[in-house]
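Since the structure comes first, as structure tokens, the remarks are kept for the end.
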Amino acid sequence: MAMLEVKNIEVCYGMIRAIKDISFEINKGEIVALIGANGAGKTTTLHTVSGLLKPTAGQVLFDGKDISKIPAHRIVTMGMAHVPEGRRVFQQLSVLDNLKLGAYTRTDKKEIAENLKKVYDHFPRLAERKHQIAGTLSGGEQQMLAMGRALMSNPDIILMDEPSMGLSPLLVKEIFAIIEELHKSGATILLVEQNAKMALSVADRAYVLETGSIAMSGDAKEMLNNDDIKKAYLGQ
Amino acid sequence: MITLIDGLSLGSIYALIALGYTMVYGIAKMLNFAHGDIIMVGAYAIMVTLAATVSPIAAIVAAIVICTILGILVEKLAYKPLRGASPLAVLITAIGVSYFLQGLAQLVFGSQPKPVGSAWKLPAIEAINSLGITTAAAVTLVCGIIIMIALTLFINCTRTGSAMLAVSEDRGAAILMGVNVNKIISITFAIGSALAAFAGMFYLFQIPNTEPTLGAMPGITAFTAAVIGGIGSIPGAMVGGVLLGVIEKFCLASPLAPYTVAIKFSLLILILLVKPTGLLGKVVREKV
């Protein structure tokens, strides 16, 4: 059974239907990429999965349970973490306080401390700057903090929205290297990206979104070599 | 010196009320103009309990419990249904709640000021009274400082406190951390209203009379203090409150006494002209 199964969801903003009849699934340990142009509905889809938006039709099954009517803060408790677009770290709090908030749903202090060590292993730079105010971090460091914060809830699945946004090519590489590292350690990741090339190179499978519905899906490596994808999304 | 102590003591009353305004603004993003009237309800709660039990301690406990519950109730019944409505609608509702509470008090207790009761008396403390400092001023100042330290520790050192900071900075991101925003807003109203109950108690130490509009003037002064300090900022509310209290007492002790109120509120205009975000307020960059 798939860990996450999105079934025919439809989301409307007022009169406007943002996404229509989208279905996809993610198995345990997979990285699945959602790629597509601006306005294709990638972020809307992600928000619907994590409960920030409620679908007008369809279902979101997480471990076989329909979560489409559960409030977003409770879905976090069920084991889903969402790294939002634009990082959204708490600018006025320290790095450590941000990470602690990531573990808000947990109460076992020992486990949280172990988890914190693991996050520092993935992101040594956060350990160096743990007492720094998050707003003074660079864009790349804030992205790392947002990812580390999500890991602090010890999630079964991580949703990442545009982790490459606004970062230099070098930092984009660094962030994606960390995503691969997380993948190797067994994490399940749903990745939304405009940078299709980077996304396809780390993902197992991918779905292409076009104006609110899925235009294509398949093996990520095959898509990298697909002529239509190359032309439309890879600029080749 | 005595004027300074009196000012600091009055200032800590303003600060306690201003904290309620500023915390609710920071977390629920609304101006709760009914906050001053919670003080008034606290004062009546003290009067009624005192008449029934003759125990000032029981009266204080009753005031805190009643105000806390009232704060949560007002939020649930009046403000929560308007979550997501325009700020103007919420503002008007808050003013409505304010008039409702005042009207209710008038209906139940009449519009005339009523003495709170002869049991409401602080003992004389010879050591400080001989210096010309009233027991009321000393108790208010000391308790005010303790409450403010406790609140600061609560906000900065507990899980709920950091959730409050998170919600006030970015509600959406806080939800993604698993924070139940509705619960945090309820807690904020509860704390703010409990602080208002304390303020009501200290107020009655200074002027032992209750009336339906008792909360209006301290409420609006404390709101001014919150804005001067930078609304949304907790240290700002404390600084603003203490500043206004000290200025008020010094004005009253000087030939400028008739202009005290004018000076208090002119200070607001002056500070906002120089620093539009208030003394300790942060510049909020609107994201596009």
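Residues in the structure tokens are numbered from 1 in each chain, the chains being A, B, ... in the order shown, and ligands are numbered from 1 in the order shown.
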Excluding range 134-147 of chain B and residues on its chain fewer than 5 positions from it, collect all residues at most 9 Å away from it, counting only C-alpha atoms, and give them as a PDB file with N, CA, C and O atoms, in the first residue's frame.
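Heads up, here's the output in out_34.pdb:
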```pdb
ATOM      1  N   ILE B   5       8.216  56.694  42.791  1.00  0.00           N
ATOM      2  CA  ILE B   5       7.677  55.396  43.216  1.00  0.00           C
ATOM      3  C   ILE B   5       6.195  55.305  42.858  1.00  0.00           C
ATOM      4  O   ILE B   5       5.730  54.298  42.298  1.00  0.00           O
ATOM      5  N   ASP B   6       5.453  56.391  43.143  1.00  0.00           N
ATOM      6  CA  ASP B   6       4.030  56.405  42.776  1.00  0.00           C
ATOM      7  C   ASP B   6       3.858  56.201  41.276  1.00  0.00           C
ATOM      8  O   ASP B   6       2.975  55.474  40.823  1.00  0.00           O
ATOM      9  N   GLY B   7       4.719  56.866  40.511  1.00  0.00           N
ATOM     10  CA  GLY B   7       4.649  56.770  39.052  1.00  0.00           C
ATOM     11  C   GLY B   7       4.960  55.357  38.575  1.00  0.00           C
ATOM     12  O   GLY B   7       4.259  54.817  37.721  1.00  0.00           O
ATOM     13  N   LEU B   8       5.997  54.764  39.145  1.00  0.00           N
ATOM     14  CA  LEU B   8       6.358  53.396  38.753  1.00  0.00           C
ATOM     15  C   LEU B   8       5.229  52.432  39.100  1.00  0.00           C
ATOM     16  O   LEU B   8       4.922  51.500  38.348  1.00  0.00           O
ATOM     17  N   SER B   9       4.604  52.693  40.246  1.00  0.00           N
ATOM     18  CA  SER B   9       3.529  51.817  40.685  1.00  0.00           C
ATOM     19  C   SER B   9       2.315  51.948  39.765  1.00  0.00           C
ATOM     20  O   SER B   9       1.760  50.947  39.298  1.00  0.00           O
ATOM     21  N   LEU B  10       1.926  53.182  39.443  1.00  0.00           N
ATOM     22  CA  LEU B  10       0.830  53.390  38.491  1.00  0.00           C
ATOM     23  C   LEU B  10       1.228  52.815  37.127  1.00  0.00           C
ATOM     24  O   LEU B  10       0.422  52.189  36.430  1.00  0.00           O
ATOM     25  N   GLY B  11       2.505  53.026  36.802  1.00  0.00           N
ATOM     26  CA  GLY B  11       3.006  52.524  35.519  1.00  0.00           C
ATOM     27  C   GLY B  11       2.923  51.024  35.425  1.00  0.00           C
ATOM     28  O   GLY B  11       2.647  50.481  34.352  1.00  0.00           O
ATOM     29  N   SER B  12       3.137  50.319  36.551  1.00  0.00           N
ATOM     30  CA  SER B  12       3.047  48.866  36.419  1.00  0.00           C
ATOM     31  C   SER B  12       1.603  48.415  36.237  1.00  0.00           C
ATOM     32  O   SER B  12       1.347  47.388  35.602  1.00  0.00           O
ATOM     33  N   ILE B  13       0.648  49.207  36.758  1.00  0.00           N
ATOM     34  CA  ILE B  13      -0.761  48.878  36.442  1.00  0.00           C
ATOM     35  C   ILE B  13      -0.989  49.031  34.942  1.00  0.00           C
ATOM     36  O   ILE B  13      -1.529  48.140  34.282  1.00  0.00           O
ATOM     37  N   ALA B  15       1.191  48.910  32.624  1.00  0.00           N
ATOM     38  CA  ALA B  15       1.960  47.896  31.908  1.00  0.00           C
ATOM     39  C   ALA B  15       1.209  46.572  31.875  1.00  0.00           C
ATOM     40  O   ALA B  15       1.140  45.907  30.838  1.00  0.00           O
ATOM     41  N   LEU B  16       0.611  46.179  33.009  1.00  0.00           N
ATOM     42  CA  LEU B  16      -0.124  44.904  33.055  1.00  0.00           C
ATOM     43  C   LEU B  16      -1.282  44.920  32.060  1.00  0.00           C
ATOM     44  O   LEU B  16      -1.547  43.920  31.382  1.00  0.00           O
ATOM     45  N   LEU B 122      -5.257  47.551  52.857  1.00  0.00           N
ATOM     46  CA  LEU B 122      -3.916  47.006  53.009  1.00  0.00           C
ATOM     47  C   LEU B 122      -3.378  47.395  54.378  1.00  0.00           C
ATOM     48  O   LEU B 122      -3.656  48.496  54.856  1.00  0.00           O
ATOM     49  N   PRO B 123      -2.665  46.525  55.021  1.00  0.00           N
ATOM     50  CA  PRO B 123      -2.111  46.871  56.335  1.00  0.00           C
ATOM     51  C   PRO B 123      -1.057  47.968  56.190  1.00  0.00           C
ATOM     52  O   PRO B 123      -0.427  48.111  55.142  1.00  0.00           O
ATOM     53  N   ALA B 124      -0.886  48.740  57.242  1.00  0.00           N
ATOM     54  CA  ALA B 124       0.167  49.762  57.234  1.00  0.00           C
ATOM     55  C   ALA B 124       1.516  49.075  57.428  1.00  0.00           C
ATOM     56  O   ALA B 124       1.644  48.166  58.241  1.00  0.00           O
ATOM     57  N   ILE B 125       2.470  49.452  56.607  1.00  0.00           N
ATOM     58  CA  ILE B 125       3.821  48.939  56.799  1.00  0.00           C
ATOM     59  C   ILE B 125       4.677  50.135  57.217  1.00  0.00           C
ATOM     60  O   ILE B 125       5.001  50.987  56.386  1.00  0.00           O
ATOM     61  N   ILE B 128       7.971  51.594  55.294  1.00  0.00           N
ATOM     62  CA  ILE B 128       7.885  52.370  54.065  1.00  0.00           C
ATOM     63  C   ILE B 128       6.903  53.523  54.180  1.00  0.00           C
ATOM     64  O   ILE B 128       7.083  54.562  53.561  1.00  0.00           O
ATOM     65  N   ASN B 129       5.861  53.357  55.003  1.00  0.00           N
ATOM     66  CA  ASN B 129       4.889  54.437  55.157  1.00  0.00           C
ATOM     67  C   ASN B 129       5.545  55.683  55.735  1.00  0.00           C
ATOM     68  O   ASN B 129       5.197  56.807  55.373  1.00  0.00           O
ATOM     69  N   THR B 152       7.502  37.007  31.394  1.00  0.00           N
ATOM     70  CA  THR B 152       8.641  36.943  30.479  1.00  0.00           C
ATOM     71  C   THR B 152       9.246  35.544  30.482  1.00  0.00           C
ATOM     72  O   THR B 152       9.567  34.990  29.415  1.00  0.00           O
ATOM     73  N   LEU B 195      -4.215  39.114  33.679  1.00  0.00           N
ATOM     74  CA  LEU B 195      -3.415  40.311  33.964  1.00  0.00           C
ATOM     75  C   LEU B 195      -4.322  41.508  34.224  1.00  0.00           C
ATOM     76  O   LEU B 195      -4.053  42.337  35.093  1.00  0.00           O
ATOM     77  N   PHE B 198      -5.551  41.397  37.732  1.00  0.00           N
ATOM     78  CA  PHE B 198      -4.538  41.937  38.643  1.00  0.00           C
ATOM     79  C   PHE B 198      -4.560  43.465  38.603  1.00  0.00           C
ATOM     80  O   PHE B 198      -4.498  44.127  39.647  1.00  0.00           O
ATOM     81  N   ALA B 199      -4.642  44.001  37.384  1.00  0.00           N
ATOM     82  CA  ALA B 199      -4.658  45.453  37.240  1.00  0.00           C
ATOM     83  C   ALA B 199      -5.861  46.033  37.977  1.00  0.00           C
ATOM     84  O   ALA B 199      -5.752  47.054  38.668  1.00  0.00           O
ATOM     85  N   PHE B 202      -5.124  46.106  41.711  1.00  0.00           N
ATOM     86  CA  PHE B 202      -4.215  47.194  42.091  1.00  0.00           C
ATOM     87  C   PHE B 202      -4.916  48.543  42.000  1.00  0.00           C
ATOM     88  O   PHE B 202      -4.695  49.438  42.813  1.00  0.00           O
ATOM     89  N   TYR B 203      -5.778  48.669  40.984  1.00  0.00           N
ATOM     90  CA  TYR B 203      -6.522  49.913  40.802  1.00  0.00           C
ATOM     91  C   TYR B 203      -7.388  50.187  42.027  1.00  0.00           C
ATOM     92  O   TYR B 203      -7.445  51.307  42.525  1.00  0.00           O
ATOM     93  N   PHE B 205      -6.857  49.263  44.981  1.00  0.00           N
ATOM     94  CA  PHE B 205      -6.027  49.667  46.122  1.00  0.00           C
ATOM     95  C   PHE B 205      -5.856  51.184  46.133  1.00  0.00           C
ATOM     96  O   PHE B 205      -5.742  51.812  47.182  1.00  0.00           O
ATOM     97  N   GLN B 206      -5.797  51.761  44.938  1.00  0.00           N
ATOM     98  CA  GLN B 206      -5.587  53.199  44.844  1.00  0.00           C
ATOM     99  C   GLN B 206      -6.902  53.956  44.984  1.00  0.00           C
ATOM    100  O   GLN B 206      -6.978  54.948  45.695  1.00  0.00           O
TER     101      GLN B 206
END
```
Write out as CSV a residue-level contact list of chain B versus chain A with cut-off 6 Å: for each qualifying residue the closest pair of atoms and the distance in Å to one decimal, counting only C-alpha atoms, rows sorted by chain and residue number upward.
```
residue,atom,partner,partner_atom,distance
B:Ile175,CA,A:His73,CA,5.1
B:Met177,CA,A:Gly102,CA,5.4
B:Gly178,CA,A:His73,CA,4.0
B:Val179,CA,A:His73,CA,5.7
B:Asn180,CA,A:His73,CA,5.9
```
For the residues selected in the previous step, produce a file with C-alpha atoms as a PDB file, in the first residue's frame.
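Okay, selection_27.pdb is ready:
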```pdb
ATOM      1  CA  ILE B 175       0.455  25.503  12.083  1.00  0.00           C
ATOM      2  CA  MET B 177       4.900  22.915  13.393  1.00  0.00           C
ATOM      3  CA  GLY B 178       1.749  21.304  14.746  1.00  0.00           C
ATOM      4  CA  VAL B 179       0.683  24.306  16.820  1.00  0.00           C
ATOM      5  CA  ASN B 180      -3.059  24.486  17.454  1.00  0.00           C
TER       6      ASN B 180
END
```
Would you work out the distance separating CA of Ala257 in chain B from CA of Gly245 in chain B, expressed in Å to one decimal?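 Distance between the two atoms: 13.8 Å.
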Compile the contact shell of range 275-278 of chain B as a VMD selection string: residues with an atom at most 7 Å away, counting only C-alpha atoms, same-chain residues fewer than 5 positions apart removed. chain B and resid 227 to 230 283
Would you export the selected residues with C-alpha atoms as an mmCIF file, in the first residue's frame, please?
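Ended up saving to out29.cif:
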```
data_model
loop_
_atom_site.group_PDB
_atom_site.id
_atom_site.type_symbol
_atom_site.label_atom_id
_atom_site.label_comp_id
_atom_site.auth_asym_id
_atom_site.auth_seq_id
_atom_site.Cartn_x
_atom_site.Cartn_y
_atom_site.Cartn_z
ATOM 1 C CA VAL B 227 1.358 51.614 20.998
ATOM 2 C CA ILE B 228 4.119 53.838 22.393
ATOM 3 C CA GLY B 229 6.134 50.744 23.298
ATOM 4 C CA GLY B 230 5.452 49.169 19.919
ATOM 5 C CA VAL B 283 9.656 47.151 11.300
#
```
Separating CA of Ile60 in chain B from CA of Asn182 in chain B, to the nearest tenth of an Å, is a gap of 28.1 Å
So that I can check the secondary structure, give me every residue of range 103-230 of chain A assigned strand (DSSP E or B) by backbone DSSP, as number ranges by chain. A: 133, 157-161, 188-193, 205-210, 213-219
Next, dump the selected residues to file, keeping only C-alpha atoms, as an mmCIF file, in the first residue's frame.
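The result, written out as selection.cif:
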```cif
data_model
loop_
_atom_site.group_PDB
_atom_site.id
_atom_site.type_symbol
_atom_site.label_atom_id
_atom_site.label_comp_id
_atom_site.auth_asym_id
_atom_site.auth_seq_id
_atom_site.Cartn_x
_atom_site.Cartn_y
_atom_site.Cartn_z
ATOM 1 C CA ILE A 133 18.836 34.766 15.299
ATOM 2 C CA ILE A 157 7.053 11.870 5.073
ATOM 3 C CA ILE A 158 8.469 15.309 4.262
ATOM 4 C CA LEU A 159 6.872 17.702 1.794
ATOM 5 C CA MET A 160 9.289 20.241 0.341
ATOM 6 C CA ASP A 161 8.102 23.271 -1.572
ATOM 7 C CA THR A 188 10.124 9.611 2.081
ATOM 8 C CA ILE A 189 9.952 12.948 0.285
ATOM 9 C CA LEU A 190 7.391 14.729 -1.851
ATOM 10 C CA LEU A 191 9.317 17.422 -3.689
ATOM 11 C CA VAL A 192 7.788 20.362 -5.524
ATOM 12 C CA GLU A 193 10.236 22.168 -7.782
ATOM 13 C CA ARG A 205 9.442 9.129 -9.938
ATOM 14 C CA ALA A 206 7.878 12.361 -11.107
ATOM 15 C CA TYR A 207 4.549 13.896 -12.068
ATOM 16 C CA VAL A 208 4.293 16.832 -14.441
ATOM 17 C CA LEU A 209 1.555 19.347 -13.625
ATOM 18 C CA GLU A 210 0.031 21.554 -16.275
ATOM 19 C CA SER A 213 -3.935 18.604 -13.755
ATOM 20 C CA ILE A 214 -1.365 15.902 -14.278
ATOM 21 C CA ALA A 215 -0.019 15.889 -17.830
ATOM 22 C CA MET A 216 2.533 13.126 -17.495
ATOM 23 C CA SER A 217 4.048 10.773 -14.969
ATOM 24 C CA GLY A 218 6.778 8.180 -14.829
ATOM 25 C CA ASP A 219 10.316 7.280 -13.893
#
```
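If you measure from each of A:Ala187, A:Ile229, A:Ala146, A:Ala177 to Val202 in chain A using only C-alpha atoms, the closest one turns out to be A:Ala177.
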Distance of CA of Ala225 in chain B from CA of Leu243 in chain B, expressed in Å to one decimal place: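 Distance between the two atoms: 7.8 Å.
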Pick out the residues sitting within 8 Å of Val49 in chain A, and hand them over as a ChimeraX atom specification; count only C-alpha atoms, and ignore anything fewer than 3 positions along from it in its own chain. /A:6,45-46,52-53,60,68
Taking the backbone alone, and naming residues the way the document does, which bits of range 33-229 of chain A are alpha helix (DSSP H) by DSSP, as a ChimeraX atom specification? /A:42-49,72-77,95-102,109-122,124-128,139-151,169-184,196-202,220-224,227-229
